[in-house]
file structure_14.cif (mmCIF, C-alpha atoms)
data_query
loop_
_atom_site.label_atom_id
_atom_site.label_comp_id
_atom_site.auth_asym_id
_atom_site.auth_seq_id
_atom_site.Cartn_x
_atom_site.Cartn_y
_atom_site.Cartn_z
CA MET K 1 -173.39 -91.69 -24.75
CA GLY K 2 -172.12 -89.17 -27.25
CA THR K 3 -170.55 -85.86 -26.40
CA THR K 4 -171.32 -82.18 -26.88
CA THR K 5 -169.42 -79.29 -28.35
CA VAL K 6 -167.71 -76.91 -25.96
CA SER K 7 -169.48 -73.63 -26.70
CA GLN K 8 -172.93 -74.44 -27.96
CA GLY K 9 -173.41 -77.90 -26.59
CA TYR K 10 -174.24 -79.52 -29.92
CA PRO K 11 -174.46 -83.31 -29.63
CA SER K 12 -172.07 -85.49 -31.54
CA PRO K 13 -171.32 -89.23 -31.33
CA LEU K 14 -168.21 -90.82 -29.99
CA ILE K 15 -166.27 -93.32 -32.04
CA THR K 16 -167.27 -95.92 -29.50
CA ASP K 17 -170.98 -95.22 -29.89
CA PRO K 18 -173.15 -97.58 -31.91
CA ALA K 19 -173.76 -96.31 -35.42
CA ASP K 20 -177.06 -94.39 -35.53
CA LEU K 21 -176.77 -91.81 -38.26
CA PRO K 22 -180.47 -90.83 -38.42
CA GLY K 23 -180.67 -90.32 -34.67
CA GLN K 24 -177.35 -88.55 -34.43
CA LEU K 25 -178.04 -86.18 -37.32
CA LYS K 26 -181.51 -85.47 -35.96
CA SER K 27 -180.13 -84.54 -32.54
CA PHE K 28 -177.49 -82.32 -34.09
CA ALA K 29 -179.88 -80.65 -36.56
CA GLU K 30 -182.47 -79.91 -33.88
CA ALA K 31 -179.87 -78.44 -31.54
CA VAL K 32 -178.56 -76.14 -34.26
CA ASP K 33 -182.11 -75.29 -35.30
CA ALA K 34 -182.98 -74.18 -31.78
CA ASP K 35 -179.88 -71.99 -31.66
CA LEU K 36 -180.67 -70.38 -34.99
CA ALA K 37 -184.13 -69.46 -33.73
CA VAL K 38 -182.71 -67.88 -30.58
CA TRP K 39 -180.04 -65.97 -32.51
CA ASP K 40 -182.49 -64.67 -35.07
CA THR K 41 -184.81 -63.42 -32.33
CA LYS K 42 -181.95 -61.62 -30.60
CA PHE K 43 -180.72 -60.14 -33.84
CA THR K 44 -184.13 -58.94 -34.87
CA SER K 45 -184.69 -57.32 -31.49
CA VAL K 46 -181.51 -55.31 -31.98
CA THR K 47 -181.91 -54.27 -35.58
CA LYS K 48 -185.56 -53.33 -35.24
CA SER K 49 -184.70 -51.23 -32.21
CA ARG K 50 -187.34 -49.60 -30.07
CA SER K 51 -189.13 -46.71 -31.65
CA PHE K 52 -192.47 -45.05 -32.22
CA ARG K 53 -194.27 -42.45 -34.22
CA ALA K 54 -197.76 -41.10 -33.63
CA HIS K 55 -199.71 -38.37 -35.33
CA MET K 56 -202.98 -36.50 -35.17
CA SER K 57 -205.44 -37.77 -37.75
CA ALA K 58 -207.72 -34.76 -37.28
CA ASP K 59 -207.31 -31.16 -36.27
CA GLY K 60 -207.01 -30.58 -32.54
CA SER K 61 -209.15 -28.37 -30.37
CA ALA K 62 -208.76 -24.64 -30.54
CA PHE K 63 -206.34 -23.04 -28.13
CA ASN K 64 -205.12 -19.60 -27.25
CA ASN K 65 -203.04 -18.18 -24.44
CA THR K 66 -203.86 -20.97 -22.04
CA ASN K 67 -201.70 -24.09 -22.05
CA GLN K 68 -203.38 -26.90 -23.94
CA PHE K 69 -202.35 -30.54 -23.87
CA LEU K 70 -202.03 -32.35 -27.15
CA SER K 71 -202.84 -35.95 -27.94
CA PHE K 72 -201.63 -37.92 -30.91
CA ASN K 73 -204.49 -40.28 -31.56
CA THR K 74 -203.02 -42.43 -34.32
CA VAL K 75 -200.00 -44.63 -33.67
CA ASP K 76 -198.07 -45.35 -36.86
CA PHE K 77 -195.79 -47.83 -35.11
CA ASN K 78 -194.69 -48.37 -31.56
CA SER K 79 -192.18 -50.83 -30.20
CA SER K 80 -190.90 -48.39 -27.58
CA GLY K 81 -192.70 -49.53 -24.47
CA PHE K 82 -194.10 -46.02 -24.07
CA THR K 83 -197.74 -45.19 -24.39
CA VAL K 84 -197.65 -42.50 -27.03
CA ASP K 85 -201.26 -41.64 -27.79
CA GLY K 86 -202.77 -40.48 -24.50
CA VAL K 87 -205.39 -37.77 -24.27
CA ALA K 88 -203.74 -35.34 -21.93
CA SER K 89 -200.45 -36.99 -21.29
CA ASN K 90 -198.56 -39.96 -22.57
CA THR K 91 -197.26 -42.35 -20.00
CA GLY K 92 -195.41 -45.60 -19.99
CA ALA K 93 -192.33 -47.41 -18.89
CA ALA K 94 -189.28 -47.22 -21.07
CA ALA K 95 -188.72 -50.47 -22.86
CA ASP K 96 -185.05 -49.81 -22.51
CA VAL K 97 -183.35 -47.60 -20.00
CA GLY K 98 -180.85 -45.38 -21.70
CA TRP K 99 -180.62 -42.61 -24.24
CA TRP K 100 -183.53 -41.83 -26.51
CA PHE K 101 -184.03 -39.43 -29.38
CA PHE K 102 -187.35 -37.61 -29.48
CA GLY K 103 -188.75 -35.16 -31.98
CA ALA K 104 -191.93 -33.57 -33.16
CA CYS K 105 -193.37 -31.58 -36.02
CA ILE K 106 -196.36 -29.45 -35.06
CA ASP K 107 -198.44 -27.71 -37.70
CA ILE K 108 -200.34 -24.78 -36.23
CA GLY K 109 -203.20 -23.24 -38.15
CA THR K 110 -205.64 -20.45 -37.60
CA GLY K 111 -208.84 -20.76 -35.60
CA THR K 112 -211.47 -18.15 -35.00
CA GLY K 113 -210.52 -14.53 -34.53
CA THR K 114 -207.75 -12.47 -35.99
CA ILE K 115 -204.25 -13.31 -34.90
CA THR K 116 -202.29 -10.33 -33.77
CA VAL K 117 -199.21 -9.83 -35.85
CA ASN K 118 -195.95 -10.64 -34.10
CA THR K 119 -197.45 -12.81 -31.43
CA TYR K 120 -196.09 -16.31 -31.40
CA ASN K 121 -197.01 -19.95 -30.98
CA ARG K 122 -195.15 -22.27 -28.71
CA TYR K 123 -194.97 -26.03 -28.35
CA TRP K 124 -193.00 -28.03 -25.88
CA PHE K 125 -192.89 -31.47 -24.49
CA ASP K 126 -192.46 -31.99 -20.86
CA VAL K 127 -190.78 -35.12 -19.55
CA VAL K 128 -191.32 -36.45 -16.05
CA TYR K 129 -189.50 -39.57 -14.95
CA GLN K 130 -188.77 -41.43 -11.79
CA ASP K 131 -185.42 -43.01 -11.09
CA PRO K 132 -186.29 -46.62 -10.26
CA ILE K 133 -183.39 -46.88 -7.81
CA THR K 134 -183.54 -43.63 -5.89
CA GLY K 135 -187.24 -42.95 -6.41
CA VAL K 136 -186.42 -39.34 -7.19
CA VAL K 137 -188.86 -37.73 -9.59
CA SER K 138 -187.34 -35.37 -12.09
CA GLU K 139 -189.00 -33.11 -14.59
CA TYR K 140 -187.64 -31.47 -17.66
CA THR K 141 -189.37 -29.10 -19.96
CA ARG K 142 -186.81 -29.97 -22.45
CA TYR K 143 -187.72 -28.22 -25.61
CA GLY K 144 -189.75 -25.35 -26.79
CA ASP K 145 -189.77 -23.60 -30.08
CA ASP K 146 -191.78 -20.76 -31.42
CA VAL K 147 -193.01 -19.30 -34.62
CA GLU K 148 -193.26 -15.59 -34.79
CA GLU K 149 -196.45 -14.57 -36.45
CA ASN K 150 -195.93 -11.98 -39.09
CA VAL K 151 -199.07 -12.59 -41.06
CA GLY K 152 -201.22 -14.60 -38.70
CA THR K 153 -201.43 -17.81 -40.69
CA GLY K 154 -199.83 -20.24 -38.31
CA GLY K 155 -196.84 -22.38 -39.17
CA PHE K 156 -194.65 -25.36 -38.47
CA ILE K 157 -192.67 -26.03 -35.32
CA ASN K 158 -189.93 -28.64 -35.49
CA VAL K 159 -188.11 -29.73 -32.36
CA SER K 160 -185.88 -32.60 -31.36
CA THR K 161 -183.79 -33.66 -28.40
CA ILE K 162 -181.93 -36.58 -26.90
CA LEU K 163 -182.74 -37.58 -23.35
CA TYR K 164 -181.56 -40.07 -20.82
CA ILE K 165 -184.59 -42.06 -19.64
CA PRO K 166 -183.85 -44.10 -16.51
CA GLY K 167 -187.27 -45.62 -15.93
CA PRO K 168 -191.02 -44.98 -16.07
CA VAL K 169 -191.72 -41.72 -17.80
CA THR K 170 -194.56 -39.32 -18.50
CA PHE K 171 -194.69 -37.05 -21.51
CA ASN K 172 -196.85 -33.99 -21.81
CA HIS K 173 -197.23 -32.13 -25.05
CA VAL K 174 -198.37 -28.55 -24.70
CA VAL K 175 -199.23 -25.73 -27.08
CA TYR K 176 -199.69 -22.09 -26.24
CA ASN K 177 -199.71 -18.71 -27.91
CA THR K 178 -199.30 -15.20 -26.69
CA ASP K 179 -202.51 -13.99 -28.27
CA SER K 180 -206.11 -14.36 -27.16
CA SER K 181 -207.28 -15.39 -30.61
CA GLN K 182 -207.77 -19.07 -31.29
CA ARG K 183 -205.46 -21.39 -33.19
CA ILE K 184 -205.47 -25.09 -33.80
CA VAL K 185 -202.92 -27.86 -34.14
CA LYS K 186 -203.54 -29.37 -37.53
CA ALA K 187 -203.91 -32.97 -38.61
CA GLY K 188 -200.65 -34.64 -39.51
CA SER K 189 -198.75 -33.15 -36.61
CA CYS K 190 -196.60 -35.91 -35.21
CA TRP K 191 -194.04 -36.91 -32.64
CA TYR K 192 -191.57 -39.74 -32.71
CA GLY K 193 -188.72 -41.33 -30.86
CA THR K 194 -186.12 -44.03 -31.11
CA TYR K 195 -183.79 -45.74 -28.69
CA LEU K 196 -180.16 -44.78 -29.12
CA GLY K 197 -178.37 -46.98 -26.63
CA LYS K 198 -177.56 -47.77 -23.06
CA ALA K 199 -176.03 -45.23 -20.74
CA ASN K 200 -172.37 -45.72 -20.03
CA ARG K 201 -172.16 -45.66 -16.29
CA MET H 1 -187.77 -88.36 -47.90
CA PRO H 2 -185.81 -86.70 -45.10
CA ARG H 3 -187.44 -84.72 -42.32
CA THR H 4 -186.60 -81.10 -41.68
CA THR H 5 -186.26 -79.13 -38.47
CA SER H 6 -189.14 -76.90 -37.55
CA TYR H 7 -187.40 -73.52 -37.68
CA ALA H 8 -184.60 -73.48 -40.23
CA GLY H 9 -185.61 -76.51 -42.26
CA LEU H 10 -182.39 -78.46 -41.77
CA ARG H 11 -182.64 -81.89 -43.34
CA TYR H 12 -181.98 -85.11 -41.44
CA PRO H 13 -182.71 -88.73 -42.42
CA LEU H 14 -185.42 -90.97 -41.10
CA TYR H 15 -184.84 -94.48 -39.90
CA THR H 16 -187.02 -95.71 -42.74
CA GLU H 17 -184.69 -94.29 -45.35
CA THR H 18 -181.94 -96.22 -47.01
CA ALA H 19 -178.72 -95.54 -45.18
CA ASP H 20 -176.59 -93.14 -47.19
CA PRO H 21 -174.29 -91.47 -44.67
CA ALA H 22 -172.36 -89.38 -47.16
CA THR H 23 -175.39 -87.84 -48.87
CA GLN H 24 -177.38 -87.43 -45.69
CA THR H 25 -174.52 -85.72 -43.88
CA GLN H 26 -173.83 -83.59 -46.92
CA ASN H 27 -177.48 -82.49 -47.06
CA LEU H 28 -177.34 -81.29 -43.48
CA ALA H 29 -174.01 -79.57 -44.07
CA THR H 30 -175.39 -77.83 -47.14
CA ASP H 31 -178.44 -76.61 -45.23
CA LEU H 32 -176.25 -75.31 -42.44
CA ASP H 33 -174.04 -73.58 -44.96
CA THR H 34 -177.05 -71.84 -46.51
CA ALA H 35 -178.45 -70.83 -43.13
CA CYS H 36 -175.13 -69.35 -42.05
CA ASN H 37 -174.64 -67.54 -45.33
CA THR H 38 -178.10 -66.01 -45.19
CA ARG H 39 -177.48 -64.74 -41.69
CA ASP H 40 -174.06 -63.41 -42.58
CA THR H 41 -175.61 -61.38 -45.36
CA THR H 42 -178.27 -60.03 -43.03
CA ARG H 43 -175.74 -59.12 -40.37
CA THR H 44 -173.42 -57.47 -42.85
CA ALA H 45 -176.29 -55.34 -44.08
CA ALA H 46 -177.17 -54.40 -40.51
CA LEU H 47 -173.62 -53.34 -39.84
CA HIS H 48 -173.58 -51.19 -42.96
CA ARG H 49 -176.79 -49.29 -42.58
CA PRO H 50 -177.71 -46.98 -45.42
CA GLN H 51 -176.51 -43.43 -44.91
CA VAL H 52 -176.07 -40.49 -47.17
CA SER H 53 -175.09 -36.84 -46.94
CA ILE H 54 -174.92 -34.35 -49.79
CA TYR H 55 -174.04 -30.68 -49.80
CA ARG H 56 -174.08 -27.63 -52.01
CA ALA H 57 -170.95 -25.57 -51.66
CA SER H 58 -171.25 -23.06 -54.49
CA GLY H 59 -173.87 -21.36 -56.63
CA SER H 60 -177.40 -20.67 -55.51
CA GLN H 61 -180.96 -21.49 -56.33
CA SER H 62 -183.89 -19.17 -56.78
CA VAL H 63 -187.19 -20.20 -55.26
CA ALA H 64 -190.54 -19.03 -56.58
CA LYS H 65 -192.90 -17.32 -54.17
CA ALA H 66 -195.45 -19.45 -52.32
CA THR H 67 -194.25 -22.65 -53.98
CA MET H 68 -192.77 -25.55 -52.07
CA THR H 69 -189.58 -26.06 -54.05
CA THR H 70 -187.04 -28.87 -53.98
CA LEU H 71 -183.48 -27.69 -53.54
CA THR H 72 -181.28 -29.07 -56.30
CA GLY H 73 -177.78 -28.74 -57.67
CA TYR H 74 -175.81 -30.28 -54.84
CA ASP H 75 -172.16 -30.34 -55.81
CA THR H 76 -170.55 -32.29 -53.02
CA THR H 77 -171.14 -35.83 -51.84
CA TYR H 78 -170.03 -36.03 -48.23
CA TYR H 79 -170.88 -39.67 -47.89
CA ASP H 80 -172.94 -41.93 -50.08
CA PRO H 81 -171.46 -45.41 -50.29
CA GLY H 82 -174.76 -46.84 -51.45
CA GLY H 83 -175.23 -44.35 -54.28
CA LEU H 84 -178.59 -43.19 -52.91
CA ALA H 85 -178.37 -39.54 -53.89
CA ASN H 86 -178.84 -37.78 -57.18
CA THR H 87 -176.97 -34.55 -56.50
CA GLY H 88 -178.37 -32.87 -59.61
CA THR H 89 -182.01 -33.36 -58.72
CA GLY H 90 -181.46 -33.21 -54.98
CA ILE H 91 -183.39 -36.45 -54.52
CA ILE H 92 -182.32 -39.29 -52.28
CA THR H 93 -183.84 -42.62 -53.26
CA PHE H 94 -183.70 -45.32 -50.64
CA THR H 95 -183.04 -48.93 -51.49
CA GLN H 96 -183.64 -50.49 -48.10
CA ALA H 97 -186.77 -50.16 -46.01
CA GLY H 98 -186.37 -48.85 -42.50
CA MET H 99 -186.67 -45.93 -40.14
CA TYR H 100 -184.39 -43.06 -41.07
CA TYR H 101 -183.28 -39.98 -39.21
CA CYS H 102 -183.18 -37.20 -41.78
CA GLU H 103 -181.88 -33.67 -41.55
CA GLY H 104 -181.73 -30.67 -43.80
CA THR H 105 -179.89 -27.42 -43.21
CA LEU H 106 -179.65 -24.31 -45.30
CA ASP H 107 -178.39 -20.75 -45.31
CA LEU H 108 -180.94 -18.43 -46.76
CA SER H 109 -180.41 -14.74 -47.35
CA ASN H 110 -183.08 -12.21 -48.16
CA SER H 111 -181.86 -10.86 -51.45
CA GLY H 112 -185.19 -9.26 -52.30
CA THR H 113 -186.23 -5.69 -51.73
CA GLY H 114 -189.61 -6.31 -50.17
CA ALA H 115 -190.72 -7.61 -46.85
CA LEU H 116 -190.34 -11.28 -46.12
CA THR H 117 -193.30 -12.68 -44.25
CA TYR H 118 -192.29 -16.27 -43.71
CA VAL H 119 -189.96 -19.02 -44.82
CA ILE H 120 -190.53 -22.76 -44.52
CA ALA H 121 -187.80 -25.39 -44.59
CA ALA H 122 -189.12 -28.91 -45.01
CA LEU H 123 -188.12 -32.53 -45.40
CA SER H 124 -190.40 -34.33 -47.78
CA ARG H 125 -190.97 -38.01 -48.26
CA ASN H 126 -192.13 -38.93 -51.74
CA ASN H 127 -192.52 -35.31 -52.79
CA ALA H 128 -195.23 -34.45 -50.25
CA THR H 129 -195.71 -30.70 -49.89
CA SER H 130 -197.90 -30.58 -46.80
CA MET H 131 -198.68 -32.44 -43.62
CA SER H 132 -200.68 -35.60 -44.09
CA SER H 133 -201.86 -38.61 -42.16
CA ALA H 134 -198.97 -40.55 -43.64
CA SER H 135 -196.46 -38.34 -41.86
CA ASN H 136 -194.60 -37.58 -45.08
CA PHE H 137 -193.66 -34.05 -44.23
CA ILE H 138 -191.63 -32.45 -41.46
CA ALA H 139 -191.25 -28.71 -41.58
CA ARG H 140 -190.15 -25.66 -39.76
CA ARG H 141 -191.53 -22.20 -40.42
CA ASN H 142 -190.20 -18.94 -39.24
CA TYR H 143 -190.06 -15.27 -39.94
CA PRO H 144 -186.52 -14.20 -40.58
CA ALA H 145 -185.63 -10.57 -40.23
CA ASN H 146 -185.33 -8.86 -43.58
CA SER H 147 -181.89 -8.35 -45.03
CA SER H 148 -180.32 -11.00 -42.91
CA ASP H 149 -179.37 -14.62 -43.17
CA TRP H 150 -181.59 -17.34 -41.85
CA LEU H 151 -179.92 -20.63 -41.08
CA PRO H 152 -182.59 -23.11 -40.18
CA SER H 153 -182.35 -26.82 -39.77
CA VAL H 154 -185.18 -29.27 -39.96
CA SER H 155 -184.99 -32.86 -38.80
CA GLY H 156 -187.09 -35.86 -38.04
CA ILE H 157 -187.76 -39.53 -38.47
CA PHE H 158 -189.38 -41.07 -41.50
CA LEU H 159 -190.44 -44.63 -42.08
CA MET H 160 -189.10 -45.32 -45.57
CA ALA H 161 -189.87 -48.16 -47.92
CA ALA H 162 -187.39 -49.23 -50.56
CA THR H 163 -187.73 -46.79 -53.52
CA ASP H 164 -189.10 -44.00 -51.30
CA THR H 165 -187.52 -40.59 -51.80
CA LEU H 166 -186.37 -37.70 -49.64
CA ARG H 167 -186.09 -34.03 -50.60
CA LEU H 168 -185.17 -30.79 -48.86
CA MET H 169 -187.69 -28.13 -49.75
CA VAL H 170 -188.14 -24.41 -49.21
CA GLN H 171 -191.09 -22.07 -49.48
CA TRP H 172 -191.36 -18.33 -48.81
CA SER H 173 -193.93 -15.62 -48.84
CA GLY H 174 -193.66 -11.88 -48.92
CA SER H 175 -193.33 -9.00 -51.25
CA GLY H 176 -190.47 -8.21 -53.56
CA ALA H 177 -188.02 -10.69 -54.98
CA GLY H 178 -187.90 -12.86 -51.92
CA PRO H 179 -184.99 -14.86 -50.66
CA THR H 180 -182.42 -16.98 -52.36
CA PRO H 181 -181.22 -20.13 -50.66
CA VAL H 182 -177.53 -19.49 -50.93
CA ALA H 183 -174.74 -21.89 -51.55
CA ILE H 184 -174.89 -23.77 -48.32
CA TYR H 185 -177.44 -26.48 -47.92
CA LYS H 186 -177.10 -30.02 -46.87
CA LEU H 187 -179.35 -33.06 -46.85
CA SER H 188 -178.56 -36.16 -44.85
CA ALA H 189 -180.24 -39.42 -43.91
CA TRP H 190 -179.17 -42.27 -41.68
CA MET H 191 -180.97 -45.51 -41.04
CA CYS H 192 -181.77 -45.88 -37.35
CA CYS H 193 -183.14 -49.39 -37.66
CA THR H 194 -185.02 -51.70 -39.94
CA ASN H 195 -188.80 -51.57 -39.86
CA PRO H 196 -189.94 -51.31 -36.25
#
call {"tool": "encode", "arguments": {"input": "structure_14.cif", "output": "structure tokens"}}
result
Amino acid sequence: MGTTTVSQGYPSPLITDPADLPGQLKSFAEAVDADLAVWDTKFTSVTKSRSFRAHMSADGSAFNNTNQFLSFNTVDFNSSGFTVDGVASNTGAAADVGWWFFGACIDIGTGTGTITVNTYNRYWFDVVYQDPITGVVSEYTRYGDDVEENVGTGGFINVSTILYIPGPVTFNHVVYNTDSSQRIVKAGSCWYGTYLGKANR
Amino acid sequence: MPRTTSYAGLRYPLYTETADPATQTQNLATDLDTACNTRDTTRTAALHRPQVSIYRASGSQSVAKATMTTLTGYDTTYYDPGGLANTGTGIITFTQAGMYYCEGTLDLSNSGTGALTYVIAALSRNNATSMSSASNFIARRNYPANSSDWLPSVSGIFLMAATDTLRLMVQWSGSGAGPTPVAIYKLSAWMCCTNP
């Protein structure tokens, strides 16, 4: 017959059971073994979190004062559940509903033509998500940043934000400048994100 | 020869073995003890994720023109229980692989007499001084008005291996003496998670 422990259900013999040490130890060891495997999987899923980083492995197409979508063609790592390397937009369902941290570093260089001094470059990422319960679609153009051009050599834009992501989401990355001369987003430009935690509601 | 469980390798006797209840039970207990201890160590490490924050409260550092320069001479350790930072060199050396959120802030005044054309504040992994396919460099560039303070911050996520380093760097261009990063700059890092 045997019995089992209260919490984990590990098998153990009763005093009245026939002696069967090999069988009893085997049952106990295998039950504990199965639990260890489950616990380790759970623990790993927490400590590794959900995150991603993607970058451009080559310079992007030239752009000027018309909005241009960016793609990040090389995924360094991605356990987020998002698709992070799309051509015009990056779509995917959040692996975990809740708060996320997102950031980007965009390196803008010169293209053809002379950049007018004191024009500026702008990058932003646009977030569109649908609440899975209400169906309401919301859109945020959450962050922009600019670099004022004093010498016309381009520069770095660094942005970050935390966002509540309730469900499937679309990201759009856009660059723009206020000049008609061409510029490019340079190789190495990247964006990244990591899951912070569940919403408290 | 005992058998072992498929996942954690816990020993248990076979029917063909000589009965030795004390030893065979002890073997299983020992294996369980080791398995629990290993997991305790892992969990303790996870609960005490590496984190470090250093600050410079006095003095200043000159930065050569057009040279990506590491800020050094931090004089205050806000928090560094793991001893990751060398405040003198301004280098943080990680001991545990993982994904880290890193941030640098600084207060930079234009002490020079000429025009300042741009200033870059950057976080550098392993002393990188430009963008690369390895994503070792996160930077912010701007044009601060002359004769005024510029207080930028730069932040981002790096995937660090054990022994990788982090620096806060500055570069400027312009005429005249250029700026001096004054006595307020801070470099921090916090592990978000182990390797994703």
call {"tool": "resolve_selection", "arguments": {"input": "structure_14.cif", "expression": "the PyMOL selection byres ((chain H) within 7 of (chain K))", "output": "list in words"}}
result
Thr5, Tyr7, Ala8, Leu10, Tyr12, Pro13, Leu14, Tyr15, Pro21, Ala46, Thr117, Met131, Ser132, Ser133, Ser135, Ile138, Ala139, Arg140, Arg141, Asn142, Tyr143, Val154, Gly156, Ile157, Cys193, Thr194, Asn195 and Pro196 of chain H
call {"tool": "atom_distance", "arguments": {"input": "structure_14.cif", "atom1": "CA of Asn73 (chain K)", "atom2": "CA of Ser181 (chain K)"}}
result
25.1 Å
call {"tool": "closest_residue", "arguments": {"input": "structure_14.cif", "among": "H:Val52, H:Met191, H:Val63, H:Ala97", "to": "Trp172 (chain H)", "atoms": "all atoms listed in the file"}}
result
H:Val63
call {"tool": "atom_distance", "arguments": {"input": "structure_14.cif", "atom1": "CA of Ile120 (chain H)", "atom2": "CA of Gly60 (chain K)"}}
result
21.8 Å
call {"tool": "closest_residue", "arguments": {"input": "structure_14.cif", "among": "K:Val175, K:Val185, K:Val6, K:Ala62", "to": "Thr112 (chain K)", "atoms": "all atoms listed in the file"}}
result
K:Ala62
call {"tool": "closest_residue", "arguments": {"input": "structure_14.cif", "among": "K:Ala199, K:Val137, K:Leu70, K:Ile115", "to": "Asn177 (chain K)", "atoms": "all atoms listed in the file"}}
result
K:Ile115
call {"tool": "residues_around", "arguments": {"input": "structure_14.cif", "residues": "Arg11 (chain H)", "least_positions_apart": "6", "cutoff": "6 Å", "atoms": "all atoms listed in the file", "output": "PyMOL selection string"}}
result
chain H and resi 3-4+28
call {"tool": "atom_distance", "arguments": {"input": "structure_14.cif", "atom1": "CA of Leu166 (chain H)", "atom2": "CA of Gly88 (chain H)"}}
result
13.7 Å
call {"tool": "resolve_selection", "arguments": {"input": "structure_14.cif", "expression": "the PyMOL selection byres ((chain H and resi 153) around 9)", "output": "VMD selection string"}}
result
(chain K and resid 158) or (chain H and resid 103 to 106 121 to 122 140 151 to 152 154 to 155)
call {"tool": "resolve_selection", "arguments": {"input": "structure_14.cif", "expression": "the PyMOL selection byres ((chain K and resi 1) around 12)", "output": "number ranges by chain"}}
result
K: 2-4, 11-20, 24
call {"tool": "residues_near_point", "arguments": {"input": "structure_14.cif", "point": "(-180.3, -28.6, -57.2)", "cutoff": "10 Å", "atoms": "only C-alpha atoms", "output": "ChimeraX atom specification"}}
result
/H:55-56,59-61,70-75,86-91,168,185
call {"tool": "closest_residue", "arguments": {"input": "structure_14.cif", "among": "H:Ala64, H:Met1, H:Ile92, H:Cys192", "to": "Gly197 (chain K)", "atoms": "all atoms listed in the file"}}
result
H:Cys192
call {"tool": "closest_residue", "arguments": {"input": "structure_14.cif", "among": "K:Tyr176, K:Phe171, K:Phe125, K:Phe82", "to": "Phe63 (chain K)", "atoms": "all atoms listed in the file"}}
result
K:Tyr176
call {"tool": "residues_near_point", "arguments": {"input": "structure_14.cif", "point": "(-203.1, -14.8, -27.1)", "cutoff": "10 Å", "atoms": "all atoms listed in the file", "output": "PyMOL selection string"}}
result
chain K and resi 63-66+115-116+119-121+176-183
call {"tool": "closest_residue", "arguments": {"input": "structure_14.cif", "among": "K:Ile108, K:Ser61, K:Val117, K:Asn172", "to": "Glu139 (chain K)", "atoms": "all atoms listed in the file"}}
result
K:Asn172
call {"tool": "residues_around", "arguments": {"input": "structure_14.cif", "residues": "Ser124 (chain H)", "least_positions_apart": "5", "cutoff": "6 Å", "atoms": "all atoms listed in the file", "output": "list in words"}}
result
Asn136, Phe137, Leu166 and Arg167 of chain H
